[in-house]
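Taking it in order: structure first as structure tokens, then the write-up.
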Amino acid sequence: MAELLRTERLTNRFRGLTANEDIDFSIDAGTVRCVIGPNGAGKTTFLSMLSGHQSPSSGRIFYDGHDITRLPVIARARIGIGRKFQTPTVFDNLTVYENIELSVLRVEPDRAARERKIDGILDAVRLNDLRAALAVELSHGQRQWLEVGLLLGNESRLLLLDEPTAGMTNEETAATGHLISSLASEHGLTIIIIEHDINFIRALRSPVMVLHLGKVLIEGAFDKVASDPTVRAVYLGTAS
């Protein structure tokens, strides 16, 4: 697989505090990576530097072979980097279909082609049966999926998801795991996830990067990471 994103010694310092330090990270197109760590580990800052919402103090970010370290948020969105924050931001008084249509309008002016694209997105995020429902009527999990649909409408290739299962029921969490896996395997999207739900991360069977005090503590398969004594001590909890 081809590498889509890479960071080199990515560092963020603010008023004497170091949120991230020398993070070397890479992810191939069409794959999923989870980022975990205790509160204050620098996870959100890392995601914010990738999306352009925060600027690194030093280091570089490469996307699709191009240096985007100083590229602003809007420019990153236009080249395919989409971010979903913890709280879903959708248009409550519009239908599910209309929400997706707004995101597609920028990239597809032709009506017939736009309708086909919207139908495909609704299928992908499992909301086709709710296309006529107002967004305000959706469950919390369905609102999360709708926001992912908005990113697909903008033709995002790299999805940055900040705690996508927060507040979900067990059933919604499981469905979200299936959705993320299918977006990568069937649609070729690349996905970086910050998440605290260890069972959800285990079920994804994707590589994990652990941050601690702003640095990379360990990377690898979930079983390798979960069994590491240092990780268990600082995040997962020491086994009895």
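Going by the structure tokens order, chains are called A, B, ..., each with residues numbered from 1, while ligands are numbered from 1 in the order shown.
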When DSSP works through the backbone of this structure, what residues of region 2-236 of chain A end up as strand (DSSP E), shown as an NGL selection string? :A and (3-14 or 17-28 or 32-36 or 58-63 or 66-67 or 81-84 or 158-162 or 190-194 or 208-212 or 215-220)
So that I can see what lies close to Asn128 (chain A), please list as a list in words the residues with an atom at most 12 Å from it, counting only C-alpha atoms and leaving out residues fewer than 3 positions away in the same chain. Thr95, Val96, Tyr97, Ile100, Ile118, Asp119, Gly120, Ile121, Leu122, Asp123, Ala124, Val125, Arg131, Ala132, Ala133, Gln142, Trp145, Leu146 and Gly149 of chain A
For N, CA and C atoms, I'd like the residues from the last selection saved as a short mmCIF file (atom, residue, chain, number, x, y, z; two decimals), in the first residue's frame.
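What landed in result-v6.cif:
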data_model
loop_
_atom_site.label_atom_id
_atom_site.label_comp_id
_atom_site.auth_asym_id
_atom_site.auth_seq_id
_atom_site.Cartn_x
_atom_site.Cartn_y
_atom_site.Cartn_z
N THR A 95 -33.14 17.60 6.61
CA THR A 95 -33.20 16.14 6.59
C THR A 95 -31.80 15.56 6.44
N VAL A 96 -31.71 14.27 6.66
CA VAL A 96 -30.44 13.57 6.45
C VAL A 96 -29.97 13.77 5.02
N TYR A 97 -30.89 13.61 4.08
CA TYR A 97 -30.55 13.79 2.66
C TYR A 97 -30.04 15.20 2.41
N ILE A 100 -26.46 15.83 3.63
CA ILE A 100 -25.45 15.27 2.72
C ILE A 100 -25.37 16.09 1.44
N ILE A 118 -25.01 11.18 -3.46
CA ILE A 118 -25.68 11.22 -2.17
C ILE A 118 -26.20 9.83 -1.80
N ASP A 119 -26.81 9.15 -2.76
CA ASP A 119 -27.32 7.80 -2.51
C ASP A 119 -26.19 6.87 -2.06
N GLY A 120 -25.05 6.98 -2.71
CA GLY A 120 -23.91 6.14 -2.34
C GLY A 120 -23.40 6.43 -0.95
N ILE A 121 -23.39 7.71 -0.58
CA ILE A 121 -22.94 8.09 0.77
C ILE A 121 -23.92 7.59 1.83
N LEU A 122 -25.21 7.75 1.56
CA LEU A 122 -26.22 7.28 2.52
C LEU A 122 -26.11 5.78 2.74
N ASP A 123 -25.84 5.05 1.68
CA ASP A 123 -25.61 3.61 1.83
C ASP A 123 -24.37 3.34 2.66
N ALA A 124 -23.30 4.09 2.37
CA ALA A 124 -22.02 3.85 3.05
C ALA A 124 -22.13 4.08 4.55
N VAL A 125 -22.89 5.11 4.96
CA VAL A 125 -22.98 5.43 6.40
C VAL A 125 -24.24 4.85 7.03
N ARG A 131 -33.23 8.76 5.24
CA ARG A 131 -32.90 9.91 4.38
C ARG A 131 -33.88 11.06 4.53
N ALA A 132 -35.15 10.78 4.84
CA ALA A 132 -36.16 11.83 4.95
C ALA A 132 -36.32 12.35 6.37
N ALA A 133 -35.62 11.75 7.33
CA ALA A 133 -35.75 12.18 8.72
C ALA A 133 -34.96 13.45 8.97
N GLN A 142 -26.45 7.87 15.29
CA GLN A 142 -26.80 8.19 13.91
C GLN A 142 -26.32 9.58 13.51
N TRP A 145 -22.77 9.24 12.58
CA TRP A 145 -22.62 8.68 11.23
C TRP A 145 -22.93 9.72 10.16
N LEU A 146 -23.92 10.57 10.44
CA LEU A 146 -24.27 11.62 9.48
C LEU A 146 -23.09 12.57 9.29
N GLY A 149 -20.77 11.13 7.05
CA GLY A 149 -21.30 11.29 5.70
C GLY A 149 -20.97 12.65 5.11
#
Name the residues in contact with Ser139 (chain A) at a cut-off of 10 Å, using only C-alpha atoms, excluding same-chain residues fewer than 4 positions from it; report them as number ranges by chain. A: 135, 143-145, 168-169, 172
Distance query Asn170 (chain A) at most 12 Å, only C-alpha atoms, self and fewer than 3 positions along chain excluded, as a PyMOL selection string: chain A and resi 141+165-167+173-177+197+199-200
Best match for closeness to Glu186 (chain A) among A:Leu71, A:Ser51, A:Lys224, A:Thr31, counting only C-alpha atoms: A:Thr31
Mind pulling up the distance from CA of Ser181 (chain A) to CA of Val35 (chain A)?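 Calculated distance between CA of Val35 (chain A) and CA of Ser181 (chain A) is 15.9 Å.
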Straight-line distance linking CA of Pro38 (chain A) with CA of Ala226 (chain A), stated in Å to one decimal: 13.6 Å
Find the residue from A:Ile27, A:Asn154, A:Met209, A:Thr87 that sits nearest to Glu108 (chain A); use only C-alpha atoms when measuring.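 Ranking A:Ile27, A:Asn154, A:Met209, A:Thr87 by distance to Glu108 (chain A), first place goes to A:Asn154.
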Close residues, Phe25 (chain A) itself excluded, 10 Å, only C-alpha atoms, min 2 positions apart in chain, as a ChimeraX atom specification: /A:5-10,22-23,27,61,209,216,219
Within 9 Å of Gly153 (chain A) using only C-alpha atoms, minus same-chain residues under 6 positions, as a list of chain:residue names: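 So the residues in contact are A:Ile100, A:Glu101, A:Leu102, A:Ser103, A:Val104, A:Leu105, A:Arg106, A:Val107, A:Lys117, A:Ile118, A:Ile121.
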Using only C-alpha atoms, can you tell me which of A:Leu94, A:Val32, A:Val136, A:Leu50 comes closest to Val73 (chain A)?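 Checking each candidate against Val73 (chain A), we get A:Leu50 as the closest.
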For a test of reading the model, state the distance in Å between CA of Ser57 (chain A) and CA of Ala41 (chain A), rounded to one decimal.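 Computed distance, CA of Ser57 (chain A) to CA of Ala41 (chain A), equals 17.1 Å.
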Within 7 Å of Asp162 (chain A) using only C-alpha atoms, minus same-chain residues under 4 positions, as a short mmCIF file (atom, residue, chain, number, x, y, z; two decimals) with N, CA and C atoms, in the first residue's frame:
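Once written, selection_23.cif looks like this:
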data_model
loop_
_atom_site.label_atom_id
_atom_site.label_comp_id
_atom_site.auth_asym_id
_atom_site.auth_seq_id
_atom_site.Cartn_x
_atom_site.Cartn_y
_atom_site.Cartn_z
N LYS A 84 -13.67 15.05 12.19
CA LYS A 84 -14.90 15.00 12.95
C LYS A 84 -14.56 15.17 14.42
N PHE A 85 -15.12 16.21 15.03
CA PHE A 85 -14.86 16.47 16.44
C PHE A 85 -15.75 15.59 17.31
N GLN A 86 -15.55 15.67 18.63
CA GLN A 86 -16.28 14.78 19.54
C GLN A 86 -17.79 15.01 19.46
N ILE A 193 -8.05 7.47 14.40
CA ILE A 193 -9.07 7.55 15.44
C ILE A 193 -8.43 7.80 16.80
N ILE A 194 -8.93 8.80 17.52
CA ILE A 194 -8.65 8.93 18.95
C ILE A 194 -9.82 8.29 19.68
N GLU A 195 -9.53 7.40 20.60
CA GLU A 195 -10.62 6.69 21.26
C GLU A 195 -10.18 6.21 22.63
#
When you count only C-alpha atoms, which of these residues is closest to Leu130 (chain A): A:Asn99, A:Ser156, A:Thr44, A:Thr230?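 Counting only C-alpha atoms, the residue closest to Leu130 (chain A) is A:Asn99.
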With DSSP run on the backbone, what are the helix (DSSP H, G or I) residues within region 4-234 of chain A? I'd like them as a VMD selection string. chain A and resid 43 to 51 73 to 78 96 to 105 111 to 124 128 to 130 135 to 137 140 to 153 170 to 185 198 to 204 222 to 227 229 to 234
